[in-house]
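Dumped my_file-v8.csv below, it's CSV, C-alpha atoms:
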chain,number,residue,atom,x,y,z
A,1,MET,CA,29.2,-32.5,-33.3
A,2,GLN,CA,26.7,-29.9,-32.4
A,3,HIS,CA,23.2,-31.1,-31.7
A,4,PRO,CA,20.2,-29.1,-33.2
A,5,PRO,CA,18.1,-27.1,-30.8
A,6,GLU,CA,15.4,-29.0,-29.0
A,7,HIS,CA,12.5,-27.5,-31.0
A,8,LEU,CA,14.2,-28.6,-34.3
A,9,SER,CA,15.1,-32.2,-33.3
A,10,GLY,CA,12.7,-35.1,-33.1
A,11,PRO,CA,9.8,-36.1,-35.4
A,12,PRO,CA,7.5,-33.4,-36.8
A,13,SER,CA,4.6,-34.4,-34.6
A,14,GLN,CA,6.8,-33.9,-31.5
A,15,ARG,CA,8.0,-30.6,-32.8
A,16,ARG,CA,4.5,-29.4,-33.3
A,17,GLY,CA,3.6,-30.6,-29.8
A,18,LEU,CA,6.5,-28.6,-28.3
A,19,THR,CA,5.5,-25.5,-30.1
A,20,ALA,CA,1.9,-25.9,-28.9
A,21,ILE,CA,3.2,-26.4,-25.3
A,22,ASP,CA,5.4,-23.4,-25.5
A,23,GLY,CA,2.5,-21.3,-26.8
A,24,ALA,CA,0.2,-22.5,-24.0
A,25,LEU,CA,2.9,-21.8,-21.4
A,26,ALA,CA,3.3,-18.2,-22.7
A,27,LEU,CA,-0.5,-17.8,-22.5
A,28,ILE,CA,-0.5,-19.1,-18.9
A,29,ALA,CA,2.2,-16.6,-18.0
A,30,ILE,CA,0.3,-13.7,-19.5
A,31,LEU,CA,-2.9,-14.7,-17.6
A,32,LEU,CA,-0.9,-14.9,-14.4
A,33,ILE,CA,0.5,-11.4,-14.9
A,34,VAL,CA,-3.0,-10.1,-15.4
A,35,GLN,CA,-4.1,-11.9,-12.2
A,36,MET,CA,-1.2,-10.4,-10.3
A,37,TRP,CA,-2.1,-6.9,-11.4
A,38,LEU,CA,-5.8,-7.6,-10.5
A,39,LEU,CA,-4.8,-8.7,-7.0
A,40,THR,CA,-2.7,-5.7,-6.3
A,41,ALA,CA,-5.3,-3.3,-7.7
A,42,THR,CA,-8.0,-4.9,-5.7
A,43,LEU,CA,-6.0,-4.8,-2.5
A,44,GLU,CA,-5.0,-1.2,-3.1
A,45,GLY,CA,-8.7,-0.3,-3.6
A,46,PHE,CA,-9.9,-2.3,-0.6
A,47,LEU,CA,-7.4,-0.6,1.7
A,48,ALA,CA,-8.5,2.7,0.3
A,49,GLY,CA,-12.1,1.8,1.3
A,50,HIS,CA,-13.4,1.0,-2.2
A,51,ARG,CA,-15.3,-2.2,-1.8
A,52,GLU,CA,-17.4,-2.2,-4.9
A,53,GLY,CA,-14.7,-3.8,-7.1
A,54,VAL,CA,-13.9,-6.7,-4.8
A,55,LEU,CA,-16.6,-9.1,-6.0
A,56,PRO,CA,-16.0,-8.6,-9.8
A,57,ALA,CA,-12.2,-8.9,-9.2
A,58,ALA,CA,-12.7,-12.2,-7.4
A,59,VAL,CA,-14.9,-13.5,-10.2
A,60,ILE,CA,-12.5,-12.5,-12.9
A,61,SER,CA,-9.6,-14.0,-11.0
A,62,GLY,CA,-11.5,-17.3,-10.8
A,63,ILE,CA,-12.2,-17.2,-14.5
A,64,LEU,CA,-8.5,-16.6,-15.2
A,65,LEU,CA,-7.6,-19.5,-12.9
A,66,LEU,CA,-10.0,-21.8,-14.8
A,67,ALA,CA,-8.4,-20.6,-18.1
A,68,CYS,CA,-4.9,-21.4,-16.7
A,69,PHE,CA,-6.1,-24.8,-15.5
A,70,GLY,CA,-7.6,-25.5,-19.0
A,71,LEU,CA,-4.3,-24.6,-20.6
A,72,TYR,CA,-2.4,-26.8,-18.2
A,73,ARG,CA,-4.7,-29.7,-19.1
A,74,PHE,CA,-4.0,-29.0,-22.7
A,75,VAL,CA,-0.2,-29.1,-22.0
A,76,ARG,CA,-0.6,-32.4,-20.3
A,77,ALA,CA,-2.6,-33.9,-23.1
A,78,VAL,CA,-0.2,-32.7,-25.8
A,79,ASP,CA,2.8,-33.9,-23.8
A,80,ARG,CA,1.2,-37.3,-23.3
A,81,GLU,CA,0.3,-37.6,-27.0
A,82,ALA,CA,3.8,-36.6,-28.1
A,83,ARG,CA,5.4,-39.2,-25.7
A,84,ARG,CA,3.1,-41.9,-26.9
A,85,ARG,CA,4.3,-41.4,-30.5
B,1,MET,CA,22.7,-41.2,-19.4
B,2,ASN,CA,25.6,-38.8,-19.6
B,3,PRO,CA,28.8,-41.0,-20.3
B,4,LEU,CA,30.9,-38.6,-18.2
B,5,ARG,CA,28.8,-39.2,-15.2
B,6,VAL,CA,29.3,-43.0,-15.5
B,7,ILE,CA,33.1,-42.6,-15.8
B,8,GLU,CA,33.1,-40.3,-12.8
B,9,ASN,CA,31.1,-42.7,-10.7
B,10,ARG,CA,33.2,-45.7,-11.3
B,11,ASN,CA,36.4,-46.5,-9.4
B,12,GLU,CA,39.6,-48.0,-10.7
B,13,THR,CA,38.2,-51.5,-10.8
B,14,GLY,CA,35.4,-50.4,-13.0
B,15,GLN,CA,32.7,-50.9,-10.4
B,16,GLU,CA,30.4,-48.3,-9.0
B,17,PRO,CA,31.6,-47.1,-5.6
B,18,LEU,CA,29.6,-48.0,-2.5
B,19,TRP,CA,28.4,-44.5,-1.9
B,20,ARG,CA,26.6,-44.5,-5.2
B,21,GLU,CA,24.3,-47.3,-4.0
B,22,GLU,CA,23.6,-45.3,-0.9
B,23,VAL,CA,23.1,-42.0,-2.6
B,24,SER,CA,21.3,-42.7,-5.8
B,25,ILE,CA,20.1,-39.1,-6.5
B,26,PHE,CA,21.7,-36.9,-9.2
B,27,ALA,CA,21.5,-33.3,-8.2
B,28,ALA,CA,21.2,-32.1,-11.8
B,29,ASP,CA,18.3,-34.5,-12.5
B,30,GLU,CA,16.6,-33.2,-9.3
B,31,ARG,CA,17.0,-29.6,-10.4
B,32,TYR,CA,15.7,-30.3,-13.9
B,33,VAL,CA,12.2,-28.8,-14.4
B,34,ASN,CA,10.3,-29.8,-17.5
B,35,ARG,CA,7.6,-27.8,-19.2
B,36,ARG,CA,4.8,-29.8,-17.6
B,37,GLN,CA,6.2,-29.1,-14.1
B,38,PHE,CA,6.7,-25.4,-14.9
B,39,ALA,CA,3.1,-25.2,-16.2
B,40,LYS,CA,1.9,-26.8,-12.9
B,41,PHE,CA,3.9,-24.3,-10.9
B,42,LEU,CA,2.3,-21.4,-12.9
B,43,VAL,CA,-1.2,-22.8,-12.3
B,44,LEU,CA,-0.6,-23.2,-8.6
B,45,THR,CA,0.6,-19.6,-8.5
B,46,SER,CA,-2.6,-18.6,-10.3
B,47,ALA,CA,-4.5,-20.5,-7.7
B,48,GLY,CA,-2.6,-18.5,-5.0
B,49,MET,CA,-3.7,-15.2,-6.7
B,50,PHE,CA,-7.3,-16.3,-6.8
B,51,ALA,CA,-7.0,-17.3,-3.1
B,52,GLY,CA,-5.8,-13.7,-2.4
B,53,ASN,CA,-8.7,-12.2,-4.2
B,54,LEU,CA,-11.1,-14.5,-2.3
B,55,TRP,CA,-9.5,-13.5,1.0
B,56,ILE,CA,-10.1,-9.8,0.2
B,57,LEU,CA,-13.7,-10.6,-0.7
B,58,ILE,CA,-14.3,-12.5,2.6
B,59,ARG,CA,-12.6,-9.6,4.5
B,60,SER,CA,-14.8,-7.1,2.9
B,61,TRP,CA,-17.9,-9.2,3.7
B,62,LEU,CA,-16.9,-9.8,7.3
B,63,THR,CA,-15.9,-6.2,8.2
B,64,GLY,CA,-19.0,-4.1,8.3
B,65,LYS,CA,-19.3,-0.4,8.8
B,66,ALA,CA,-17.0,0.6,11.6
B,67,VAL,CA,-18.5,2.0,14.8
B,68,TYR,CA,-16.1,4.5,16.4
B,69,PRO,CA,-16.0,5.3,20.2
B,70,ILE,CA,-16.3,8.7,21.7
B,71,LYS,CA,-13.0,9.4,23.4
B,72,PRO,CA,-11.5,12.5,25.0
B,73,VAL,CA,-8.0,13.0,23.6
B,74,ALA,CA,-6.6,16.2,25.0
B,75,LEU,CA,-7.3,19.5,26.8
B,76,VAL,CA,-7.1,22.6,24.8
B,77,GLY,CA,-4.5,24.2,27.1
B,78,GLU,CA,-2.2,21.2,26.7
B,79,ILE,CA,-1.3,22.0,23.1
B,80,PRO,CA,0.5,25.3,22.2
B,81,VAL,CA,-0.2,27.0,18.9
B,82,GLY,CA,1.9,25.3,16.3
B,83,GLY,CA,2.3,22.3,18.5
B,84,SER,CA,1.2,18.7,18.3
B,85,ARG,CA,0.2,15.9,20.6
B,86,LEU,CA,0.1,12.1,20.0
B,87,PHE,CA,-2.8,9.9,21.0
B,88,THR,CA,-4.4,6.7,20.0
B,89,TYR,CA,-7.8,6.3,18.3
B,90,PRO,CA,-10.0,4.3,17.9
B,91,GLY,CA,-7.9,1.5,19.3
B,92,PRO,CA,-4.8,1.5,21.5
B,93,ASN,CA,-2.7,0.4,18.4
B,94,ASP,CA,-3.9,3.2,16.2
B,95,PRO,CA,-1.5,6.2,16.7
B,96,CYS,CA,-2.8,9.6,15.8
B,97,ILE,CA,-1.5,13.1,15.8
B,98,LEU,CA,-3.4,16.2,17.0
B,99,ILE,CA,-2.2,19.6,15.8
B,100,ARG,CA,-3.1,23.2,16.6
B,101,PRO,CA,-2.2,25.3,13.6
B,102,SER,CA,-3.8,28.5,15.1
B,103,GLU,CA,-5.4,29.6,18.3
B,104,ASN,CA,-8.9,28.2,17.6
B,105,GLU,CA,-8.1,25.6,15.0
B,106,PHE,CA,-7.5,21.9,15.8
B,107,ALA,CA,-7.1,19.0,13.5
B,108,ALA,CA,-6.2,15.3,14.0
B,109,TYR,CA,-5.0,12.6,11.6
B,110,SER,CA,-3.9,9.1,11.7
B,111,GLN,CA,-0.1,9.0,12.3
B,112,LYS,CA,0.4,6.0,9.9
B,113,CYS,CA,1.7,7.0,6.5
B,114,THR,CA,-0.7,5.5,3.9
B,115,HIS,CA,2.3,4.2,2.0
B,116,LEU,CA,4.0,1.7,4.4
B,117,SER,CA,2.7,2.8,7.8
B,118,CYS,CA,5.7,4.7,9.0
B,119,ALA,CA,4.9,7.3,11.6
B,120,VAL,CA,4.5,10.8,10.1
B,121,TYR,CA,5.5,13.9,12.1
B,122,TYR,CA,4.3,17.4,12.0
B,123,ALA,CA,6.4,20.1,10.4
B,124,PRO,CA,4.6,23.3,11.7
B,125,GLY,CA,6.7,25.8,9.7
B,126,LYS,CA,5.8,24.0,6.5
B,127,GLY,CA,2.2,23.2,7.3
B,128,ARG,CA,2.6,19.6,6.5
B,129,PHE,CA,3.2,16.1,7.8
B,130,GLU,CA,6.4,14.4,6.7
B,131,CYS,CA,7.1,10.7,6.5
B,132,PRO,CA,10.8,10.2,7.1
B,133,CYS,CA,10.9,6.7,5.4
B,134,HIS,CA,10.3,7.7,1.8
B,135,GLN,CA,9.7,11.5,2.0
B,136,GLY,CA,6.0,11.3,1.6
B,137,TYR,CA,4.4,14.7,2.5
B,138,PHE,CA,0.8,15.3,3.5
B,139,SER,CA,-1.0,18.7,3.9
B,140,ALA,CA,-1.7,19.6,7.5
B,141,ARG,CA,-4.9,21.4,6.2
B,142,ASP,CA,-6.7,18.4,4.9
B,143,GLY,CA,-4.4,15.4,4.9
B,144,ARG,CA,-4.0,15.1,1.1
B,145,VAL,CA,-0.8,13.9,-0.4
B,146,LEU,CA,1.6,16.7,-1.4
B,147,GLN,CA,4.4,14.5,-2.7
B,148,GLY,CA,6.0,11.1,-2.5
B,149,PRO,CA,4.9,7.6,-2.9
B,150,PRO,CA,1.7,7.6,-0.8
B,151,GLN,CA,-1.5,7.2,-3.0
B,152,ARG,CA,-4.1,8.0,-0.3
B,153,PRO,CA,-4.6,10.9,2.1
B,154,LEU,CA,-4.2,10.5,5.8
B,155,PRO,CA,-7.4,9.4,7.5
B,156,ARG,CA,-8.8,12.4,9.4
B,157,ILE,CA,-9.9,12.0,13.0
B,158,LEU,CA,-13.2,13.8,13.6
B,159,LEU,CA,-13.0,16.1,16.6
B,160,ARG,CA,-15.6,17.8,18.8
B,161,ARG,CA,-14.8,20.5,21.3
B,162,GLN,CA,-16.6,20.5,24.6
B,163,GLY,CA,-15.5,23.4,26.7
B,164,ASP,CA,-11.7,22.9,27.1
B,165,ARG,CA,-11.8,19.2,26.1
B,166,LEU,CA,-11.2,17.9,22.6
B,167,ILE,CA,-13.1,14.7,21.9
B,168,ALA,CA,-12.6,12.2,19.0
B,169,VAL,CA,-15.9,11.0,17.6
B,170,GLY,CA,-15.0,9.2,14.4
B,171,VAL,CA,-12.6,8.6,11.5
B,172,ASP,CA,-13.0,9.9,8.0
B,173,LEU,CA,-10.9,7.7,5.7
B,174,GLN,CA,-11.1,10.5,3.0
B,175,THR,CA,-11.6,7.9,0.2
B,176,GLU,CA,-13.7,10.2,-1.9
B,177,GLY,CA,-11.7,11.1,-4.9
B,178,ALA,CA,-8.7,9.1,-3.8

Translate this file's structure into structure tokens.
Amino acid sequence: MQHPPEHLSGPPSQRRGLTAIDGALALIAILLIVQMWLLTATLEGFLAGHREGVLPAAVISGILLLACFGLYRFVRAVDREARRR
Amino acid sequence: MNPLRVIENRNETGQEPLWREEVSIFAADERYVNRRQFAKFLVLTSAGMFAGNLWILIRSWLTGKAVYPIKPVALVGEIPVGGSRLFTYPGPNDPCILIRPSENEFAAYSQKCTHLSCAVYYAPGKGRFECPCHQGYFSARDGRVLQGPPQRPLPRILLRRQGDRLIAVGVDLQTEGA
């Protein structure tokens, strides 16, 4: 017998939790890609002698890291809640 | 637990083999990564990106405006018209190339390609520097990129002529408009 996919099995609350976690993971991945681009652009500029963008880039990268960490905490909370049920 | 795994791990008498007690790790379970672990991995990577940005920031704070030495690099008579000469400036690990396109014209540039630091060489007939690694070409007139993957021009070594001596006095990174 074929089992249903993971996101269709389990109780509705667990399914909603999985969807929320997948969404958060996708957001983290997008933020990470932005951070990668920011790092390469900053390094390229720095090596070319442009130092004016270094501080804003570090600040924005820190904000992105905080956002990623917030999403990770959200994933943990949803996961814990789903397991409790 | 996977029933197949149980069957595989039991011997003919139905008992678990001795090695199973000694090696109680399932490779498949070890390789399994759940969403929470994956999220943690992504966040740690994000922290790595932030650390990289911080490193660049600290480097830019620590390295102030460079002070270049005054250093004789060649005698005028040592370089034929259309010829070139290698030297190092400002440090012993900074290779540079001095060229003489015409009788009274001298120019010097860093020999490191601004793409991946391969050594460029002078092609006098074409009036350009060529990087053999990825076919990056730079103008011998001003060091700007003519073609290829480099994004920045070659740093120009500032020269001063004192009699028959050529003296390097500084480096122009040529970042304006780059």

(request) Dump as a PyMOL selection string the residues of chain A that approach chain B to within 10 Å, counting only C-alpha atoms. (result) chain A and resi 18+21-22+24-26+28-29+31-40+42-73+75-76+79

(message) Please report the interatomic distance between CA of Val171 (chain B) and CA of Arg156 (chain B) in Å with one decimal.
(response)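 Interatomic distance here is 5.8 Å.
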
List the spatial neighbours of Arg128 (chain B) as a compact mmCIF listing (two decimals) with C-alpha atoms, in the frame of the given file - criterion: any atom at most 10 Å away, only C-alpha atoms, same-chain residues fewer than 5 positions off excluded.
# COMPACT_ATOMS: atom_id res chain seq x y z
CA VAL B 120 4.50 10.80 10.10
CA TYR B 121 5.50 13.90 12.10
CA TYR B 122 4.30 17.40 12.00
CA ALA B 123 6.40 20.10 10.40
CA TYR B 137 4.40 14.70 2.50
CA PHE B 138 0.80 15.30 3.50
CA SER B 139 -1.00 18.70 3.90
CA ALA B 140 -1.70 19.60 7.50
CA ARG B 141 -4.90 21.40 6.20
CA ASP B 142 -6.70 18.40 4.90
CA GLY B 143 -4.40 15.40 4.90
CA ARG B 144 -4.00 15.10 1.10
CA VAL B 145 -0.80 13.90 -0.40
CA LEU B 146 1.60 16.70 -1.40

(request) Work out how far CA of Gln147 (chain B) is from CA of Gln135 (chain B), in Å to one decimal. (result)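 It comes out at 7.7 Å.
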
(request) Take CA of Pro101 (chain B) and CA of Ala66 (chain B) and report the distance between them in Å, one decimal. (result)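 Interatomic distance, CA of Pro101 (chain B) to CA of Ala66 (chain B): 28.9 Å.
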